[in-house]
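**Q** My questions all concern the structure below.
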Amino acid sequence: MNGLAEASSAFIYASMAALTVAMIAFAVAFSGKRSAVPVTIPAGDVALLERPAPAPGRRASNIGMSVTWLATALLFIGVVLRGLWADRVPWGNMYEFSITSALGILLVFLIWSTRRDLRWLGLFVVIAALLTLGLAITVLYTEAAQLVPALKSYWLIIHVSAAIVCAGAFTVGAGTASLSLIRSRVESKNGGQVTGWLTNVPSTERLRTLTNRVLAFAFPLWTFAVIAGAIWAENAWGRYWGWDPKETWAFITWVLYAAYLHARSTAGWRGNVASWIAILGWISFLINYFGVNIFVNSLHSYAGV
Amino acid sequence: MVTTAPPPLSTGGFLRWSWRQLTSMRTSLILLFALAVVSIPGSILPQRGTNPILVDEWIEDAPTWGPILDSLGFFDVYAAPWFAAVYLLLFISLIGCVIPRAGVHWAALRTQPPPAPRYLTRFPGTIEWADPRSESEVLAAARDALKGWRIRAEDGALSAERGFLKETGNLIFHIALVGVLIGVALGGLFGWRGNVIVREGNGFSNTLTQFDAWGGGRLTGDMALAPFSFTLTDFRVEFSREEAQRGSPTLFQAEVSYQESPQAAPVREVIEVNYPLEADGAKVFLVGHGYAPHFIVRDASGAVLFDDSVPFLPQDGSFTSTGVLKVPDASPQLGFTALFLPTTAVDDIRGPHSTFPEADDPSVFLSAWKGDLGLDGGVPQSVYTLTTEGMEQIGLEALVPGQTWEFPEGSIEFTGFDRWASFQIAHDPGKEVTLITAILAMIGLILTLSVRRRRIWVKMESLPDGRTLVQVAGIAREDGGDATREIAHAARSLGAPAELIPEEDE
């Protein structure tokens, strides 16, 4: 059976290697300036917007995207093999949750990228996935073991998979929010102009809209993850809500993202303030994942660090 | 919108101003932040509700700060008045915001969309063409194309509107949250929860006196307890022996013989973690387990003074367990403090301890005391502690099953051990309300976050050559007003020339 474990690790290392290549490609693309200028062609009473021709500087980010797809496929195989080895869903402890979350981050990004051009976001996403995987394989690695009885429930599949997709979406949202803050800051310093790699990212307003889109997707899902967790808690511990530290931070995360959505519809707050709240929400998610699992005595801490 | 003007001097004016402030979006935002912040201490400091022993230790270790934090409610954050103040204000703000919005929405649902603006060309993305059909044909086609939209048609113009579900969802979400709060309150007021330790072979019947710990809601009467009972016939537990997770549990299973009422026939039931027993409106959960070593205590003449198993409390993951044995019938009275080690090991640093939770090499380490147990003082005592004031130590001894320790006052025999399981029995009459409203809230959220509010206008003007000039424009309430997709869609189904319709660029 150990062959499966080794194969799983090998695929994860291969995926990390591919992600490193993708990171370099995205970084190269970022360092180059955008050379294409949108051209409008007047055509009688019709104004047609012509797409800019693909510029040579974009080749690097195209390579980045292709290699990210490859890395995601490799990681997917690695995660599946891990699940086969453990003979259950591959999120029974922190190591497994981390590699599956990295897959979640990449999948949210890639699936979204089939609907719009997200090459500018690649660098951020790939770095986030690489850090997650690196931490998993160096610090959190544990041998697969049978689940403790408390985790033997189909709610493990429902509750945790929703949390994993949220991990991906919150991370991508924090990425777009950070970029919007950086761009907004540079614009306000340079009188509305940006230079260098920032010309490759969409406008501040566009970034804010994208953050809103991804978080509007993640927030109901997070609500679902919390409700599913509460149903499971009711079945396992005899109460649906007990202010266990994990529950408390899930609640704080929920409240912060609720605040984000409210800020988006409040005049004067919908810009940078909302972006900061989106980042705070993500930090609170991370505290819930790393902080509560490692430092706090919680009912959830059986998840094998 | 938000009023920032200073409050007028009259009381009524001040109240109105305060109400407007409280129900403004900005205030609810600040309250949301406050709620996030006040939730944090409860995840850092130990809480009475979950770990009262740790709270006491914490206060003992911090003699200055402990009592101050305690009096401010920091060890029971989620029941503290300041925590309640934040969420109650938030809910008042929510209600104050939702009720007027519900009225506005209700009115909007019953009015037609406003008429189309006079000049559509000033809106970005307007599509315009000369159509061979007549004006009335185009109008009919437009009605067809905008099926499912709310439509107002007059004077060669048609305005259509959709996306009312967005606000409906928003209102459902907020009202459902009030329902969640009501469900939680119902559980808190009328629910109850009790904990009990049951040894193998022993029983439990659902009355207040049988519980080791009990927490009832403010309005829970004794009448709330259903008359069920059960006997723990068998308790099975297994631990992993694999290197990676050595000692972690792989199975807990309590087999009980359950009676719904004293007259009912006993039924065999199995209770596991994640699989509670449904008992007449309450649920019985398996929450813990441990060892109960069995002792026989005799006096110097050999008469049996005590013959029973005693539940010991596990202190670590390997089930190093501590317990106390009190023999008030002896003279002088006898007391024992004891360690039970399922797999015995002794070293210089930790002393006697257990290295594995399974009983591979069990032993007890006893300390015997004689004197006054202090049971007659009227002060309630814990069965897990021995008050050794006024007692004299007889000696120390280690025993394995079957061994007897003889001392001048008598003897103690360690005959073996049973297991015990601890159960939490809970009844929460509000949980269905909470669940249903929480699911409603989620549905409301999905609606309000996915539905887009759009207006589309179609204008028709007959041209001298018999054709009709058609203009399609639109506006969105979200996405910075961009309704390109809807305009394109409407224009396409109206039969606009394909080259006029912009490609979808998402």
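Here's how to read the names in the structure tokens: chain A, B, ... by the order shown, residue numbers from 1 in each chain, ligand numbers from 1 in the order shown.
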Restrict the distance test to only C-alpha atoms, flag each residue of chain A within 7 Å of chain B, and return the flagged residues as a PyMOL selection string.

**A** chain A and resi 46+115-116+143+145-150+153+209+216+220+223-224+235-238+245+248+252+255-256+259+262-263+266

**Q** Store the residues picked out above, limited to N, CA and C atoms, as a PDB file, in the first residue's frame.

**A**
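Contents of result_14.pdb, freshly written:
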```
ATOM      1  N   VAL A  46     -22.391  52.374 -36.378  1.00  0.00           N
ATOM      2  CA  VAL A  46     -22.089  51.311 -35.432  1.00  0.00           C
ATOM      3  C   VAL A  46     -20.660  51.470 -34.921  1.00  0.00           C
ATOM      4  N   ARG A 115     -14.073  31.454 -18.244  1.00  0.00           N
ATOM      5  CA  ARG A 115     -15.151  32.389 -18.565  1.00  0.00           C
ATOM      6  C   ARG A 115     -14.643  33.797 -18.812  1.00  0.00           C
ATOM      7  N   ARG A 116     -13.467  34.117 -18.291  1.00  0.00           N
ATOM      8  CA  ARG A 116     -12.908  35.443 -18.575  1.00  0.00           C
ATOM      9  C   ARG A 116     -11.394  35.369 -18.500  1.00  0.00           C
ATOM     10  N   GLU A 143       1.272  10.495   8.068  1.00  0.00           N
ATOM     11  CA  GLU A 143       0.869   9.258   7.392  1.00  0.00           C
ATOM     12  C   GLU A 143      -0.659   9.184   7.425  1.00  0.00           C
ATOM     13  N   ALA A 145      -4.087   7.657   8.198  1.00  0.00           N
ATOM     14  CA  ALA A 145      -4.538   6.733   9.224  1.00  0.00           C
ATOM     15  C   ALA A 145      -6.040   6.659   9.150  1.00  0.00           C
ATOM     16  N   GLN A 146      -6.568   5.696   9.854  1.00  0.00           N
ATOM     17  CA  GLN A 146      -8.002   5.567   9.920  1.00  0.00           C
ATOM     18  C   GLN A 146      -8.579   6.805  10.606  1.00  0.00           C
ATOM     19  N   LEU A 147      -9.786   7.157  10.254  1.00  0.00           N
ATOM     20  CA  LEU A 147     -10.402   8.323  10.879  1.00  0.00           C
ATOM     21  C   LEU A 147     -10.774   8.018  12.319  1.00  0.00           C
ATOM     22  N   VAL A 148     -10.644   9.042  13.184  1.00  0.00           N
ATOM     23  CA  VAL A 148     -11.173   8.872  14.539  1.00  0.00           C
ATOM     24  C   VAL A 148     -12.700   8.792  14.418  1.00  0.00           C
ATOM     25  N   PRO A 149     -13.353   8.127  15.378  1.00  0.00           N
ATOM     26  CA  PRO A 149     -14.800   7.893  15.218  1.00  0.00           C
ATOM     27  C   PRO A 149     -15.602   9.164  14.972  1.00  0.00           C
ATOM     28  N   ALA A 150     -15.173  10.276  15.580  1.00  0.00           N
ATOM     29  CA  ALA A 150     -15.950  11.509  15.432  1.00  0.00           C
ATOM     30  C   ALA A 150     -16.016  11.965  13.980  1.00  0.00           C
ATOM     31  N   SER A 153     -18.419  10.135   9.317  1.00  0.00           N
ATOM     32  CA  SER A 153     -19.766  10.568   9.023  1.00  0.00           C
ATOM     33  C   SER A 153     -19.780  11.108   7.608  1.00  0.00           C
ATOM     34  N   THR A 209     -15.132  44.781  -8.786  1.00  0.00           N
ATOM     35  CA  THR A 209     -16.293  44.016  -9.248  1.00  0.00           C
ATOM     36  C   THR A 209     -15.990  42.523  -9.232  1.00  0.00           C
ATOM     37  N   ALA A 216     -19.381  36.861  -3.731  1.00  0.00           N
ATOM     38  CA  ALA A 216     -20.827  36.613  -3.771  1.00  0.00           C
ATOM     39  C   ALA A 216     -21.100  35.141  -4.051  1.00  0.00           C
ATOM     40  N   PRO A 220     -22.568  32.469   0.135  1.00  0.00           N
ATOM     41  CA  PRO A 220     -23.629  31.475   0.379  1.00  0.00           C
ATOM     42  C   PRO A 220     -23.049  30.081   0.619  1.00  0.00           C
ATOM     43  N   THR A 223     -21.934  29.948   4.096  1.00  0.00           N
ATOM     44  CA  THR A 223     -23.136  29.793   4.918  1.00  0.00           C
ATOM     45  C   THR A 223     -23.543  28.330   4.949  1.00  0.00           C
ATOM     46  N   PHE A 224     -23.503  27.702   3.772  1.00  0.00           N
ATOM     47  CA  PHE A 224     -23.859  26.290   3.696  1.00  0.00           C
ATOM     48  C   PHE A 224     -22.893  25.440   4.513  1.00  0.00           C
ATOM     49  N   ASN A 235     -25.470  16.183  15.580  1.00  0.00           N
ATOM     50  CA  ASN A 235     -25.487  14.729  15.578  1.00  0.00           C
ATOM     51  C   ASN A 235     -24.358  14.126  16.404  1.00  0.00           C
ATOM     52  N   ALA A 236     -23.232  14.818  16.446  1.00  0.00           N
ATOM     53  CA  ALA A 236     -22.056  14.227  17.083  1.00  0.00           C
ATOM     54  C   ALA A 236     -21.925  14.654  18.538  1.00  0.00           C
ATOM     55  N   TRP A 237     -22.229  15.887  18.824  1.00  0.00           N
ATOM     56  CA  TRP A 237     -21.933  16.435  20.142  1.00  0.00           C
ATOM     57  C   TRP A 237     -23.183  16.824  20.912  1.00  0.00           C
ATOM     58  N   GLY A 238     -24.333  16.727  20.299  1.00  0.00           N
ATOM     59  CA  GLY A 238     -25.550  17.002  21.038  1.00  0.00           C
ATOM     60  C   GLY A 238     -25.962  18.447  21.049  1.00  0.00           C
ATOM     61  N   PRO A 245     -13.996  27.070  19.597  1.00  0.00           N
ATOM     62  CA  PRO A 245     -13.196  28.069  18.860  1.00  0.00           C
ATOM     63  C   PRO A 245     -13.334  27.977  17.343  1.00  0.00           C
ATOM     64  N   THR A 248     -16.570  29.537  16.533  1.00  0.00           N
ATOM     65  CA  THR A 248     -16.503  30.978  16.750  1.00  0.00           C
ATOM     66  C   THR A 248     -15.825  31.665  15.574  1.00  0.00           C
ATOM     67  N   ILE A 252     -17.034  34.394  12.946  1.00  0.00           N
ATOM     68  CA  ILE A 252     -16.368  35.679  12.712  1.00  0.00           C
ATOM     69  C   ILE A 252     -16.114  35.870  11.215  1.00  0.00           C
ATOM     70  N   VAL A 255     -19.357  36.757   9.597  1.00  0.00           N
ATOM     71  CA  VAL A 255     -19.764  38.132   9.896  1.00  0.00           C
ATOM     72  C   VAL A 255     -18.928  39.114   9.074  1.00  0.00           C
ATOM     73  N   LEU A 256     -17.619  38.834   8.936  1.00  0.00           N
ATOM     74  CA  LEU A 256     -16.767  39.759   8.186  1.00  0.00           C
ATOM     75  C   LEU A 256     -17.149  39.794   6.705  1.00  0.00           C
ATOM     76  N   ALA A 259     -20.153  41.725   6.378  1.00  0.00           N
ATOM     77  CA  ALA A 259     -19.811  43.147   6.433  1.00  0.00           C
ATOM     78  C   ALA A 259     -19.285  43.608   5.074  1.00  0.00           C
ATOM     79  N   HIS A 262     -22.174  44.208   2.810  1.00  0.00           N
ATOM     80  CA  HIS A 262     -22.864  45.443   3.185  1.00  0.00           C
ATOM     81  C   HIS A 262     -22.054  46.667   2.766  1.00  0.00           C
ATOM     82  N   ALA A 263     -20.742  46.566   2.953  1.00  0.00           N
ATOM     83  CA  ALA A 263     -19.894  47.699   2.578  1.00  0.00           C
ATOM     84  C   ALA A 263     -20.014  47.971   1.081  1.00  0.00           C
ATOM     85  N   THR A 266     -22.740  50.361   0.439  1.00  0.00           N
ATOM     86  CA  THR A 266     -22.777  51.572   1.246  1.00  0.00           C
ATOM     87  C   THR A 266     -21.892  52.632   0.592  1.00  0.00           C
TER      88      THR A 266
END
```

**Q** Any idea what's packed within 12 Å of Trp120 in chain A, counting only C-alpha atoms, ignoring anything in its chain fewer than 3 positions away? Could you give it as a ChimeraX atom specification?

**A** /A:23,25-34,58,60-62,64-65,109,113,116-117,123-126,175-176,179,197-203,207

**Q** Keeping only C-alpha atoms, write those residues as a CSV table (one decimal), in the first residue's frame.

**A**
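So the final result, stored in part.csv, reads:
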```csv
chain,number,residue,atom,x,y,z
A,23,MET,CA,5.1,31.2,-11.2
A,25,ALA,CA,6.2,32.5,-16.4
A,26,PHE,CA,3.6,34.7,-14.7
A,27,ALA,CA,6.3,36.8,-13.1
A,28,VAL,CA,8.0,37.3,-16.5
A,29,ALA,CA,4.6,38.3,-18.0
A,30,PHE,CA,4.1,40.7,-15.2
A,31,SER,CA,7.4,42.4,-15.6
A,32,GLY,CA,6.7,43.1,-19.3
A,33,LYS,CA,4.5,46.0,-20.3
A,34,ARG,CA,1.2,45.7,-22.1
A,58,ARG,CA,1.5,37.7,-23.4
A,60,ALA,CA,4.8,34.1,-21.0
A,61,SER,CA,1.4,34.3,-19.3
A,62,ASN,CA,-0.1,31.9,-21.8
A,64,GLY,CA,1.9,30.2,-17.2
A,65,MET,CA,-1.8,29.2,-17.8
A,109,PHE,CA,-9.1,30.1,-10.5
A,113,SER,CA,-10.5,31.6,-16.2
A,116,ARG,CA,-12.9,35.4,-18.6
A,117,ASP,CA,-9.3,36.4,-19.0
A,123,LEU,CA,0.9,34.9,-10.3
A,124,PHE,CA,-1.0,35.5,-7.1
A,125,VAL,CA,-3.0,32.2,-7.3
A,126,VAL,CA,0.1,30.1,-8.1
A,175,GLY,CA,-5.9,38.3,-4.3
A,176,THR,CA,-8.2,40.5,-6.4
A,179,LEU,CA,-4.5,44.0,-6.4
A,197,TRP,CA,3.5,45.5,-14.3
A,198,LEU,CA,0.3,47.1,-13.0
A,199,THR,CA,-0.7,47.9,-16.5
A,200,ASN,CA,-1.3,44.2,-16.9
A,201,VAL,CA,-4.0,44.1,-14.3
A,202,PRO,CA,-7.6,45.3,-14.9
A,203,SER,CA,-8.8,48.7,-13.6
A,207,LEU,CA,-10.9,44.4,-9.8
```

**Q** Write out as a ChimeraX atom specification the set of residues from range 45-274 of chain A that DSSP, computed on the backbone, places in strand (DSSP E or B).

**A** /A:46-50

**Q** Find, counting only C-alpha atoms, the residue in A:Trp85, A:Phe11, A:Trp276, A:Phe295 that gets nearest to Ala177 in chain A.

**A**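 Going through A:Trp85, A:Phe11, A:Trp276, A:Phe295 one by one, the smallest distance to Ala177 in chain A is for A:Trp276.
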
**Q** By how many Å are CA of Asn272 in chain A and CA of Phe251 in chain A apart?

**A**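 Taking CA of Asn272 in chain A and CA of Phe251 in chain A, their separation equals 23.4 Å.
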
**Q** For Gln471 in chain B, find every residue with an atom within 10 Å (counting only C-alpha atoms), except residues of its own chain fewer than 6 positions away, and show them as an NGL selection string.

**A** :B and (119-121 or 126-130 or 157 or 457-461 or 491 or 496)
